[in-house]
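Visitor: Before we start, here is the structure in question, set down as structure tokens.
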Amino acid sequence: MSSTIQMVDLKGQYNRLKPEIDLAIQEVLDGCIFINGPQVKDFSDRLSTYMGGCFVIPCANGTDALQIALMALELNDGDEVLLPSFTYAATAEVIALLKLKPVMVDVDPTSFNTGRAQYEAYITDKTRVIVPVHLFGQASQMDEIMELAKERDLFVVEDNAQAIGADYYHQDGSTSKVGTIGHIGCTSFFPSKNLGCYGDGGAVFTKDETRAHKIYMMANHGQAKKYHHEVIGCNSRLDTLQAAILNVKLRYLDDFAARRRSVADHYDKALAEIVGLRTPFRVSYSNHVFHQYTLQVSDGRRDGLMTYLKEKGIPSMIYYPIPLYKQKAYAHYVEPGFSQPETERLCTDVVSLPIHTEMEQDTQDYIIHEVKAFFNC
Ligand SMILES: *Cc1c(COP(=O)(O)O)cnc(C)c1O
């Protein structure tokens with residue numbers, strides 16, 4: 001068993017892929033085209049094929065991806081954008097930065113995601129966009145969300161920072177890659193994400209060519225042709241070194257998912273019967289790529305479990321400890337005392353266990369043993 005247990009083992013994964021990664025990095029150094037080198041186009045093309053043939057616009061990080069996506073929709077100040085209350089702050093941040101109004105919506109009690117029923121209750125005549133977040137590696141109910149969007153004439157921008165590589169099984173029997181179902185999809189290549197680079201990176205997806213062109217301009221100073229600035233954009237690029245690393249790692253993305261899934265299966269089997277603890281619910285309309293393996297611990301025992309595990313040398317994390325509407329920066333978007341039961345419950349109950357592509361059996365068995373010991377089983 002490795003001496004320190006980590007939530008994510010980036011070093012172990014690098015060591016395994018080192019010959020290929022080092023070669024890819026050396027090629028960029030030899031070429032010295034650090035911005036918009038050939039590896040960037042190569043990666044975009046290969047990611048497009050992987051995602052089933054959508055347009056891919058690479059950018060500097062996942063937060064920028066969301067911002068650029070919203071910029072390309074040409075919204076007006078004060079337009080309302082629906083998003084889950086139980087997500088990372090980046091989703092709300094870009095909405096607020098663009099002078100749009102983040103409208104935070106409670107989550108579905110069975111999954112960690114937010115679905116049609118929850119979003120529908122918050123639609124007003126100012127609502128223009130829904131931003132579903134595919135939390136922890138599993139899709140939101142996109143067929144129903146897209147149906148709602150069509151009925152109410154809304155855009156859908158998927159925050160797919162945590163579920164790249166996951167498949168969505170449509171009601172009509174077809175399959176899509178998660179992130180390509182909405183009008184626009186966004187992802188992050190932050191190092192610990194399922195497809196992570198060695199710095200910052202992100203990408204935007206769309207199937208619509210005109211929209212792809214707009215998104216591309218937004219990420220490139222509002223220009224399609226050098227020194228011809230058609231709109232006010234920003235500067236958000238995936239650099240060549242990161243693209244070269246991602247080119248190697250994209251080849252392993254399905255293998256990464258399989259490794260994470262096998263860790264999750266093992267946890268599921270070992271922990272499913274424990275009273276007071278709930279293993280992650282798996283929906284029927286998406287497979288799970290397990291960006292996180294997140295338990296729900298009832299009866300106020302979550303923090304006790306975390307302290308116990310820490311004493312045993314096992315890290316665990318709370319994603320996310322505070323509802324977005326209770327964050328100081330976003331509290332003014334809701335009335336004082338505003339509260340959503342499912343989000344509040346999850347913030348109290350969730351804890352994520354170590355899961356990554358390099359998990360060794362004896363390490364995981366030790367984690368399982370200690371979780372069981374805490375619950376006296
Ligand atoms: C990581 C993440 C982001 C932001 O990605 P960065 O690359 O860190 O900017 C946005 N949304 C969610 C749900 C994320 O997990």
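Ordering of the structure tokens sets the chain letters (A, B, ...); residue numbers start at 1 within each chain; ligands are numbered from 1 in the order shown.
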Please provide as a ChimeraX atom specification all residues within 6 Å of stretch 195-200 of chain A, with the sequence filter that same-chain residues fewer than 2 positions apart are discarded (counting only C-alpha atoms).
Guide: /A:61,189-193,242,246
Visitor: Using only C-alpha atoms and all ligand atoms, which residues of the polymer chains come no farther than 9 Å from ligand 1? I'd like the answer as a PyMOL selection string.
Guide: chain A and resi 60-66+87-91+133-136+159-163+186-193+200-202+291
Visitor: Restricting the output to N, CA and C atoms, write the selected residues as a tab-separated table (two decimals), in the first residue's frame.
Guide:
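And here's part.tsv as it stands now:
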```tsv
chain	number	residue	atom	x	y	z
A	60	ALA	N	-9.02	28.77	-22.24
A	60	ALA	CA	-8.01	28.77	-21.18
A	60	ALA	C	-8.39	27.98	-19.93
A	61	ASN	N	-9.66	27.83	-19.65
A	61	ASN	CA	-10.11	27.06	-18.47
A	61	ASN	C	-11.62	26.85	-18.56
A	62	GLY	N	-12.14	26.07	-17.63
A	62	GLY	CA	-13.57	25.75	-17.67
A	62	GLY	C	-14.46	26.93	-17.33
A	63	THR	N	-13.99	27.81	-16.47
A	63	THR	CA	-14.76	29.00	-16.12
A	63	THR	C	-14.90	29.91	-17.34
A	64	ASP	N	-13.78	30.11	-18.05
A	64	ASP	CA	-13.84	30.89	-19.30
A	64	ASP	C	-14.79	30.24	-20.30
A	65	ALA	N	-14.76	28.91	-20.37
A	65	ALA	CA	-15.64	28.22	-21.31
A	65	ALA	C	-17.09	28.61	-21.08
A	66	LEU	N	-17.49	28.62	-19.81
A	66	LEU	CA	-18.87	29.01	-19.46
A	66	LEU	C	-19.13	30.47	-19.82
A	87	THR	N	-23.50	23.33	-6.63
A	87	THR	CA	-22.45	23.22	-7.66
A	87	THR	C	-21.27	24.07	-7.23
A	88	TYR	N	-20.23	24.03	-8.04
A	88	TYR	CA	-19.06	24.87	-7.84
A	88	TYR	C	-19.42	26.32	-8.21
A	89	ALA	N	-18.82	27.27	-7.53
A	89	ALA	CA	-19.20	28.68	-7.69
A	89	ALA	C	-18.94	29.24	-9.08
A	90	ALA	N	-18.04	28.61	-9.84
A	90	ALA	CA	-17.70	29.14	-11.17
A	90	ALA	C	-18.94	29.32	-12.03
A	91	THR	N	-19.88	28.40	-11.90
A	91	THR	CA	-21.08	28.44	-12.72
A	91	THR	C	-21.86	29.74	-12.47
A	133	VAL	N	-25.66	21.29	-14.57
A	133	VAL	CA	-24.30	20.84	-14.22
A	133	VAL	C	-24.35	19.32	-14.06
A	134	HIS	N	-23.49	18.63	-14.78
A	134	HIS	CA	-23.47	17.16	-14.68
A	134	HIS	C	-22.54	16.78	-13.55
A	135	LEU	N	-23.09	16.81	-12.33
A	135	LEU	CA	-22.25	16.76	-11.14
A	135	LEU	C	-21.66	15.39	-10.86
A	136	PHE	N	-20.41	15.38	-10.51
A	136	PHE	CA	-19.66	14.21	-10.04
A	136	PHE	C	-19.44	13.15	-11.12
A	159	ASP	N	-22.80	22.53	-18.22
A	159	ASP	CA	-21.52	22.58	-17.51
A	159	ASP	C	-21.04	21.13	-17.36
A	160	ASN	N	-20.15	20.75	-18.28
A	160	ASN	CA	-19.69	19.36	-18.32
A	160	ASN	C	-18.26	19.22	-17.79
A	161	ALA	N	-17.90	20.10	-16.85
A	161	ALA	CA	-16.54	20.05	-16.30
A	161	ALA	C	-16.25	18.73	-15.59
A	162	GLN	N	-17.31	18.05	-15.10
A	162	GLN	CA	-17.08	16.85	-14.30
A	162	GLN	C	-17.48	15.56	-14.99
A	163	ALA	N	-18.05	15.63	-16.19
A	163	ALA	CA	-18.58	14.40	-16.79
A	163	ALA	C	-18.08	14.16	-18.21
A	186	CYS	N	-19.72	22.95	-22.11
A	186	CYS	CA	-18.45	23.49	-21.64
A	186	CYS	C	-17.72	22.44	-20.82
A	187	THR	N	-16.40	22.44	-20.90
A	187	THR	CA	-15.66	21.54	-20.02
A	187	THR	C	-14.37	22.19	-19.53
A	188	SER	N	-13.76	21.54	-18.55
A	188	SER	CA	-12.52	22.02	-17.93
A	188	SER	C	-11.47	20.92	-18.02
A	189	PHE	N	-10.23	21.33	-18.25
A	189	PHE	CA	-9.10	20.37	-18.22
A	189	PHE	C	-8.20	20.62	-17.01
A	190	PHE	N	-8.77	21.21	-15.95
A	190	PHE	CA	-8.07	21.37	-14.67
A	190	PHE	C	-7.41	20.02	-14.32
A	191	PRO	N	-6.20	20.03	-13.75
A	191	PRO	CA	-5.45	18.78	-13.60
A	191	PRO	C	-6.21	17.61	-12.96
A	192	SER	N	-7.08	17.89	-11.99
A	192	SER	CA	-7.76	16.79	-11.30
A	192	SER	C	-9.05	16.36	-11.98
A	193	LYS	N	-9.44	17.04	-13.06
A	193	LYS	CA	-10.65	16.61	-13.78
A	193	LYS	C	-10.38	15.30	-14.52
A	200	ASP	N	-3.90	24.97	-16.66
A	200	ASP	CA	-5.31	25.26	-16.91
A	200	ASP	C	-5.67	24.98	-18.36
A	201	GLY	N	-6.92	24.62	-18.58
A	201	GLY	CA	-7.41	24.42	-19.94
A	201	GLY	C	-8.91	24.22	-19.92
A	202	GLY	N	-9.55	24.44	-21.06
A	202	GLY	CA	-10.99	24.23	-21.15
A	202	GLY	C	-11.42	24.16	-22.60
A	291	HIS	N	-16.22	11.31	-11.55
A	291	HIS	CA	-15.28	12.37	-11.18
A	291	HIS	C	-15.11	12.36	-9.65
```
Visitor: Within 12 Å of A:Leu305, counting only C-alpha atoms, which residues qualify if same-chain residues fewer than 5 places away don't, as a PyMOL selection string?
Guide: chain A and resi 276-277+295-300+310-312+314-318+349-353+367+370-376
Visitor: Take atom CA of A:Val178 and atom CA of A:Gly137 and report the distance between them in Å, one decimal.
Guide: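 Atom CA of A:Gly137 lies 9.7 Å from atom CA of A:Val178.
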Visitor: Pick out the closest residue to A:Leu97 from this set: A:Ser111, A:Leu83, A:Leu70, A:Asn287. Count only C-alpha atoms.
Guide: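 Smallest distance to A:Leu97 is found for A:Leu70.
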Visitor: So which one's closest to A:Lys207, A:Asn194, A:Phe55, A:Glu93, A:Ile355? Using only C-alpha atoms, please.
Guide: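 Checking each candidate against A:Lys207, we get A:Phe55 as the closest.
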Visitor: Hey, which bits of stretch 8-103 of chain A sit within 10 Å of stretch 232-235 of chain A, and for each residue what's the closest pair of atoms and how far apart in Å (one decimal), counting only C-alpha atoms, rows by chain and increasing number, as JSON lines?
Guide:
```
{"residue": "A:Cys59", "atom": "CA", "partner": "A:Asn235", "partner_atom": "CA", "distance": 8.5}
{"residue": "A:Ala60", "atom": "CA", "partner": "A:Asn235", "partner_atom": "CA", "distance": 8.4}
{"residue": "A:Asp64", "atom": "CA", "partner": "A:Cys234", "partner_atom": "CA", "distance": 9.2}
{"residue": "A:Gln67", "atom": "CA", "partner": "A:Cys234", "partner_atom": "CA", "distance": 9.7}
{"residue": "A:Ile68", "atom": "CA", "partner": "A:Cys234", "partner_atom": "CA", "distance": 8.1}
{"residue": "A:Met71", "atom": "CA", "partner": "A:Gly233", "partner_atom": "CA", "distance": 8.1}
{"residue": "A:Ala72", "atom": "CA", "partner": "A:Gly233", "partner_atom": "CA", "distance": 9.2}
```
Visitor: From the set A:Glu342, A:Glu273, A:Glu147, A:Asp303, which residue has the shortest atom-to-atom contact distance to A:Thr110, counting only C-alpha atoms?
Guide: A:Glu342
Visitor: Given the choices A:Phe256, A:Tyr325, A:Lys226, A:Ser262, which gets closest to A:Gln361 if the distance is worked out from only C-alpha atoms?
Guide: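 The shortest atom-to-atom distance to A:Gln361 comes from A:Ser262.
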Visitor: Could you work out how far atom CA of A:Asp172 lies from atom CA of A:Arg261, giving the answer in Å with one decimal?
Guide: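 Taking atom CA of A:Arg261 as the start and atom CA of A:Asp172 as the end point, the length is 25.7 Å.
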Visitor: Please compute the atom CA of A:Ser174-atom CA of A:Phe290 distance, one decimal, in Å.
Guide: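 Atom CA of A:Phe290 lies 22.3 Å from atom CA of A:Ser174.
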Visitor: Using DSSP secondary structure from the backbone, list all alpha helix (DSSP H) positions within stretch 152-376 of chain A, as a short mmCIF file (atom, residue, chain, number, x, y, z; two decimals) with N, CA, C and O atoms, in the first residue's frame.
Guide:
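Result written to part.cif:
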```
data_model
loop_
_atom_site.label_atom_id
_atom_site.label_comp_id
_atom_site.auth_asym_id
_atom_site.auth_seq_id
_atom_site.Cartn_x
_atom_site.Cartn_y
_atom_site.Cartn_z
N ARG A 152 -40.23 26.45 -23.75
CA ARG A 152 -40.18 27.81 -23.19
C ARG A 152 -39.17 28.69 -23.91
O ARG A 152 -38.86 29.78 -23.45
N GLU A 209 -22.79 25.45 -36.53
CA GLU A 209 -21.60 26.08 -37.12
C GLU A 209 -21.57 27.59 -36.90
O GLU A 209 -20.52 28.16 -36.58
N THR A 210 -22.70 28.26 -37.07
CA THR A 210 -22.75 29.71 -36.86
C THR A 210 -22.41 30.05 -35.42
O THR A 210 -21.64 30.98 -35.14
N ARG A 211 -22.97 29.26 -34.50
CA ARG A 211 -22.69 29.49 -33.08
C ARG A 211 -21.21 29.21 -32.77
O ARG A 211 -20.58 29.93 -32.00
N ALA A 212 -20.66 28.19 -33.40
CA ALA A 212 -19.24 27.84 -33.19
C ALA A 212 -18.35 29.02 -33.60
O ALA A 212 -17.37 29.35 -32.93
N HIS A 213 -18.72 29.64 -34.70
CA HIS A 213 -17.96 30.78 -35.20
C HIS A 213 -18.00 31.94 -34.19
O HIS A 213 -16.98 32.55 -33.88
N LYS A 214 -19.18 32.20 -33.65
CA LYS A 214 -19.33 33.26 -32.63
C LYS A 214 -18.50 32.94 -31.39
O LYS A 214 -17.85 33.81 -30.83
N ILE A 215 -18.57 31.70 -30.95
CA ILE A 215 -17.83 31.29 -29.75
C ILE A 215 -16.33 31.45 -29.99
O ILE A 215 -15.60 31.98 -29.15
N TYR A 216 -15.90 31.04 -31.17
CA TYR A 216 -14.48 31.16 -31.51
C TYR A 216 -14.04 32.63 -31.43
O TYR A 216 -12.99 32.97 -30.88
N MET A 217 -14.88 33.52 -31.98
CA MET A 217 -14.53 34.95 -31.94
C MET A 217 -14.49 35.47 -30.50
O MET A 217 -13.60 36.23 -30.14
N MET A 218 -15.46 35.04 -29.68
CA MET A 218 -15.51 35.49 -28.28
C MET A 218 -14.23 35.13 -27.53
O MET A 218 -13.76 35.88 -26.69
N ALA A 219 -13.66 33.97 -27.85
CA ALA A 219 -12.45 33.52 -27.15
C ALA A 219 -11.19 34.15 -27.74
O ALA A 219 -10.11 34.03 -27.17
N THR A 240 -0.19 25.46 -26.28
CA THR A 240 0.25 24.29 -27.05
C THR A 240 0.74 23.15 -26.16
O THR A 240 0.46 21.98 -26.44
N LEU A 241 1.44 23.50 -25.06
CA LEU A 241 1.93 22.45 -24.16
C LEU A 241 0.77 21.65 -23.56
O LEU A 241 0.82 20.42 -23.50
N GLN A 242 -0.26 22.37 -23.15
CA GLN A 242 -1.41 21.68 -22.56
C GLN A 242 -2.11 20.81 -23.60
O GLN A 242 -2.55 19.70 -23.31
N ALA A 243 -2.22 21.33 -24.82
CA ALA A 243 -2.88 20.56 -25.89
C ALA A 243 -2.10 19.28 -26.18
O ALA A 243 -2.68 18.22 -26.41
N ALA A 244 -0.77 19.37 -26.15
CA ALA A 244 0.07 18.20 -26.42
C ALA A 244 -0.13 17.13 -25.34
O ALA A 244 -0.22 15.93 -25.63
N ILE A 245 -0.22 17.58 -24.09
CA ILE A 245 -0.46 16.65 -22.97
C ILE A 245 -1.85 16.02 -23.10
O ILE A 245 -2.03 14.81 -22.94
N LEU A 246 -2.82 16.86 -23.46
CA LEU A 246 -4.20 16.36 -23.61
C LEU A 246 -4.32 15.39 -24.77
O LEU A 246 -5.13 14.45 -24.72
N ASN A 247 -3.52 15.60 -25.80
CA ASN A 247 -3.51 14.67 -26.93
C ASN A 247 -3.14 13.26 -26.49
O ASN A 247 -3.71 12.28 -26.96
N VAL A 248 -2.19 13.18 -25.58
CA VAL A 248 -1.81 11.86 -25.03
C VAL A 248 -2.95 11.33 -24.16
O VAL A 248 -3.41 10.19 -24.31
N LYS A 249 -3.45 12.18 -23.26
CA LYS A 249 -4.41 11.70 -22.27
C LYS A 249 -5.78 11.37 -22.87
O LYS A 249 -6.48 10.49 -22.37
N LEU A 250 -6.14 12.06 -23.96
CA LEU A 250 -7.43 11.75 -24.60
C LEU A 250 -7.49 10.29 -25.04
O LEU A 250 -8.54 9.65 -24.97
N LEU A 253 -8.82 8.34 -22.17
CA LEU A 253 -9.98 8.83 -21.41
C LEU A 253 -10.97 7.70 -21.08
O LEU A 253 -11.46 7.62 -19.94
N ASP A 254 -11.24 6.83 -22.03
CA ASP A 254 -12.17 5.73 -21.75
C ASP A 254 -11.59 4.75 -20.73
O ASP A 254 -12.30 4.21 -19.89
N ASP A 255 -10.28 4.55 -20.82
CA ASP A 255 -9.60 3.70 -19.84
C ASP A 255 -9.66 4.34 -18.44
O ASP A 255 -9.92 3.65 -17.45
N PHE A 256 -9.46 5.66 -18.39
CA PHE A 256 -9.57 6.36 -17.10
C PHE A 256 -10.96 6.14 -16.50
O PHE A 256 -11.10 5.86 -15.31
N ALA A 257 -11.98 6.28 -17.35
CA ALA A 257 -13.36 6.13 -16.87
C ALA A 257 -13.59 4.71 -16.36
O ALA A 257 -14.22 4.51 -15.32
N ALA A 258 -13.05 3.73 -17.10
CA ALA A 258 -13.23 2.34 -16.69
C ALA A 258 -12.57 2.08 -15.35
O ALA A 258 -13.11 1.39 -14.48
N ARG A 259 -11.39 2.66 -15.15
CA ARG A 259 -10.68 2.49 -13.87
C ARG A 259 -11.46 3.12 -12.72
O ARG A 259 -11.60 2.54 -11.63
N ARG A 260 -11.98 4.34 -12.96
CA ARG A 260 -12.76 5.02 -11.91
C ARG A 260 -14.02 4.22 -11.59
O ARG A 260 -14.41 4.07 -10.43
N ARG A 261 -14.66 3.71 -12.64
CA ARG A 261 -15.90 2.96 -12.47
C ARG A 261 -15.64 1.69 -11.66
O ARG A 261 -16.45 1.29 -10.83
N SER A 262 -14.50 1.07 -11.91
CA SER A 262 -14.24 -0.17 -11.19
C SER A 262 -13.97 0.12 -9.70
O SER A 262 -14.40 -0.65 -8.83
N VAL A 263 -13.34 1.25 -9.41
CA VAL A 263 -13.18 1.66 -8.00
C VAL A 263 -14.56 1.90 -7.39
O VAL A 263 -14.86 1.44 -6.27
N ALA A 264 -15.43 2.60 -8.14
CA ALA A 264 -16.77 2.91 -7.64
C ALA A 264 -17.58 1.63 -7.40
O ALA A 264 -18.26 1.50 -6.38
N ASP A 265 -17.48 0.69 -8.33
CA ASP A 265 -18.21 -0.59 -8.18
C ASP A 265 -17.79 -1.29 -6.89
O ASP A 265 -18.61 -1.85 -6.16
N HIS A 266 -16.49 -1.27 -6.65
CA HIS A 266 -15.94 -1.92 -5.46
C HIS A 266 -16.45 -1.24 -4.18
O HIS A 266 -16.88 -1.91 -3.23
N TYR A 267 -16.45 0.10 -4.16
CA TYR A 267 -17.02 0.83 -3.02
C TYR A 267 -18.49 0.47 -2.85
O TYR A 267 -18.96 0.20 -1.74
N ASP A 268 -19.23 0.52 -3.97
CA ASP A 268 -20.68 0.25 -3.94
C ASP A 268 -20.97 -1.08 -3.25
O ASP A 268 -21.79 -1.19 -2.36
N LYS A 269 -20.26 -2.12 -3.74
CA LYS A 269 -20.50 -3.48 -3.22
C LYS A 269 -20.24 -3.55 -1.73
O LYS A 269 -20.98 -4.14 -0.97
N ALA A 270 -19.13 -2.91 -1.32
CA ALA A 270 -18.71 -3.03 0.07
C ALA A 270 -19.54 -2.18 1.03
O ALA A 270 -19.69 -2.52 2.19
N LEU A 271 -20.09 -1.06 0.52
CA LEU A 271 -20.69 -0.08 1.44
C LEU A 271 -22.22 0.00 1.36
O LEU A 271 -22.85 0.64 2.20
N ARG A 302 -21.64 12.77 9.36
CA ARG A 302 -20.68 13.00 8.29
C ARG A 302 -19.33 13.52 8.80
O ARG A 302 -18.27 12.96 8.48
N ASP A 303 -19.37 14.57 9.62
CA ASP A 303 -18.11 15.17 10.08
C ASP A 303 -17.33 14.21 10.98
O ASP A 303 -16.10 14.17 10.93
N GLY A 304 -18.05 13.41 11.76
CA GLY A 304 -17.42 12.40 12.60
C GLY A 304 -16.69 11.37 11.76
O GLY A 304 -15.55 10.97 12.06
N LEU A 305 -17.32 10.95 10.67
CA LEU A 305 -16.68 9.99 9.75
C LEU A 305 -15.41 10.58 9.17
O LEU A 305 -14.36 9.93 9.13
N MET A 306 -15.47 11.85 8.77
CA MET A 306 -14.30 12.49 8.16
C MET A 306 -13.13 12.59 9.16
O MET A 306 -11.99 12.35 8.80
N THR A 307 -13.45 12.95 10.39
CA THR A 307 -12.41 13.05 11.42
C THR A 307 -11.79 11.68 11.69
O THR A 307 -10.56 11.55 11.77
N TYR A 308 -12.66 10.66 11.76
CA TYR A 308 -12.18 9.30 12.00
C TYR A 308 -11.25 8.86 10.86
O TYR A 308 -10.15 8.35 11.10
N LEU A 309 -11.67 9.10 9.62
CA LEU A 309 -10.86 8.69 8.47
C LEU A 309 -9.52 9.41 8.47
O LEU A 309 -8.47 8.83 8.19
N LYS A 310 -9.56 10.70 8.82
CA LYS A 310 -8.33 11.50 8.83
C LYS A 310 -7.32 10.91 9.82
O LYS A 310 -6.12 10.82 9.52
N GLU A 311 -7.82 10.49 10.98
CA GLU A 311 -6.94 9.85 11.98
C GLU A 311 -6.31 8.58 11.44
O GLU A 311 -5.23 8.18 11.86
N PRO A 341 -34.50 22.69 0.61
CA PRO A 341 -34.28 21.53 1.48
C PRO A 341 -33.26 20.53 0.97
O PRO A 341 -32.43 20.05 1.75
N GLU A 342 -33.31 20.18 -0.30
CA GLU A 342 -32.40 19.13 -0.80
C GLU A 342 -30.95 19.62 -0.80
O GLU A 342 -30.04 18.89 -0.42
N THR A 343 -30.75 20.84 -1.26
CA THR A 343 -29.39 21.40 -1.28
C THR A 343 -28.84 21.49 0.15
O THR A 343 -27.69 21.10 0.41
N GLU A 344 -29.68 21.95 1.08
CA GLU A 344 -29.24 22.07 2.49
C GLU A 344 -28.86 20.69 3.03
O GLU A 344 -27.84 20.54 3.71
N ARG A 345 -29.69 19.70 2.73
CA ARG A 345 -29.44 18.35 3.24
C ARG A 345 -28.12 17.81 2.67
O ARG A 345 -27.29 17.27 3.39
N LEU A 346 -27.93 18.01 1.37
CA LEU A 346 -26.70 17.49 0.76
C LEU A 346 -25.46 18.16 1.34
O LEU A 346 -24.46 17.50 1.61
N CYS A 347 -25.53 19.48 1.55
CA CYS A 347 -24.36 20.18 2.09
C CYS A 347 -23.99 19.64 3.48
O CYS A 347 -22.83 19.68 3.89
N THR A 348 -24.97 19.12 4.19
CA THR A 348 -24.73 18.55 5.53
C THR A 348 -24.27 17.10 5.46
O THR A 348 -23.53 16.63 6.33
N ASP A 349 -24.73 16.38 4.44
CA ASP A 349 -24.56 14.92 4.42
C ASP A 349 -23.45 14.39 3.51
O ASP A 349 -22.99 13.27 3.70
N GLN A 361 -5.80 -1.96 -5.12
CA GLN A 361 -6.81 -2.75 -4.40
C GLN A 361 -6.61 -2.71 -2.88
O GLN A 361 -7.57 -2.49 -2.15
N ASP A 362 -5.36 -2.87 -2.43
CA ASP A 362 -5.17 -2.92 -0.97
C ASP A 362 -5.41 -1.57 -0.32
O ASP A 362 -5.89 -1.48 0.81
N THR A 363 -5.12 -0.49 -1.05
CA THR A 363 -5.42 0.85 -0.53
C THR A 363 -6.92 1.01 -0.38
O THR A 363 -7.42 1.46 0.66
N GLN A 364 -7.65 0.61 -1.42
CA GLN A 364 -9.10 0.76 -1.36
C GLN A 364 -9.71 -0.15 -0.28
O GLN A 364 -10.64 0.25 0.43
N ASP A 365 -9.18 -1.35 -0.17
CA ASP A 365 -9.68 -2.26 0.87
C ASP A 365 -9.48 -1.67 2.26
O ASP A 365 -10.33 -1.81 3.14
N TYR A 366 -8.34 -0.98 2.45
CA TYR A 366 -8.08 -0.32 3.73
C TYR A 366 -9.11 0.79 3.98
O TYR A 366 -9.68 0.90 5.09
N ILE A 367 -9.39 1.61 2.95
CA ILE A 367 -10.39 2.68 3.09
C ILE A 367 -11.75 2.08 3.47
O ILE A 367 -12.41 2.54 4.40
N ILE A 368 -12.14 1.04 2.74
CA ILE A 368 -13.42 0.38 2.99
C ILE A 368 -13.48 -0.17 4.42
O ILE A 368 -14.46 0.01 5.13
N HIS A 369 -12.40 -0.82 4.81
CA HIS A 369 -12.32 -1.39 6.16
C HIS A 369 -12.57 -0.31 7.21
O HIS A 369 -13.32 -0.52 8.18
N GLU A 370 -11.95 0.86 7.02
CA GLU A 370 -12.08 1.92 8.03
C GLU A 370 -13.46 2.58 7.99
O GLU A 370 -13.99 2.96 9.04
N VAL A 371 -14.05 2.72 6.81
CA VAL A 371 -15.42 3.27 6.76
C VAL A 371 -16.35 2.32 7.51
O VAL A 371 -17.17 2.75 8.32
N LYS A 372 -16.19 1.03 7.26
CA LYS A 372 -17.03 0.04 7.95
C LYS A 372 -16.80 0.07 9.46
O LYS A 372 -17.75 -0.02 10.24
N ALA A 373 -15.54 0.21 9.83
CA ALA A 373 -15.21 0.23 11.26
C ALA A 373 -15.92 1.40 11.95
O ALA A 373 -16.44 1.27 13.06
N PHE A 374 -15.96 2.56 11.29
CA PHE A 374 -16.65 3.72 11.87
C PHE A 374 -18.12 3.39 12.14
O PHE A 374 -18.69 3.82 13.15
#
```
Visitor: Among stretch 2-140 of chain A, which ones does DSSP assign to strand (DSSP E) (computed from the backbone)? Answer as a list in words.
Guide: Phe55, Val56, Ile57, Pro58, Cys59, Glu80, Val81, Leu82, Leu83, Pro84, Lys101, Pro102, Val103, Met104, Val105, Thr127, Arg128, Val129 and Ile130 of chain A
Visitor: Counting only C-alpha atoms, which of A:Ala121, A:Ile35, A:Met359, A:Cys54 gets nearest to A:Met104?
Guide: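 Ranking A:Ala121, A:Ile35, A:Met359, A:Cys54 by distance to A:Met104, first place goes to A:Ala121.
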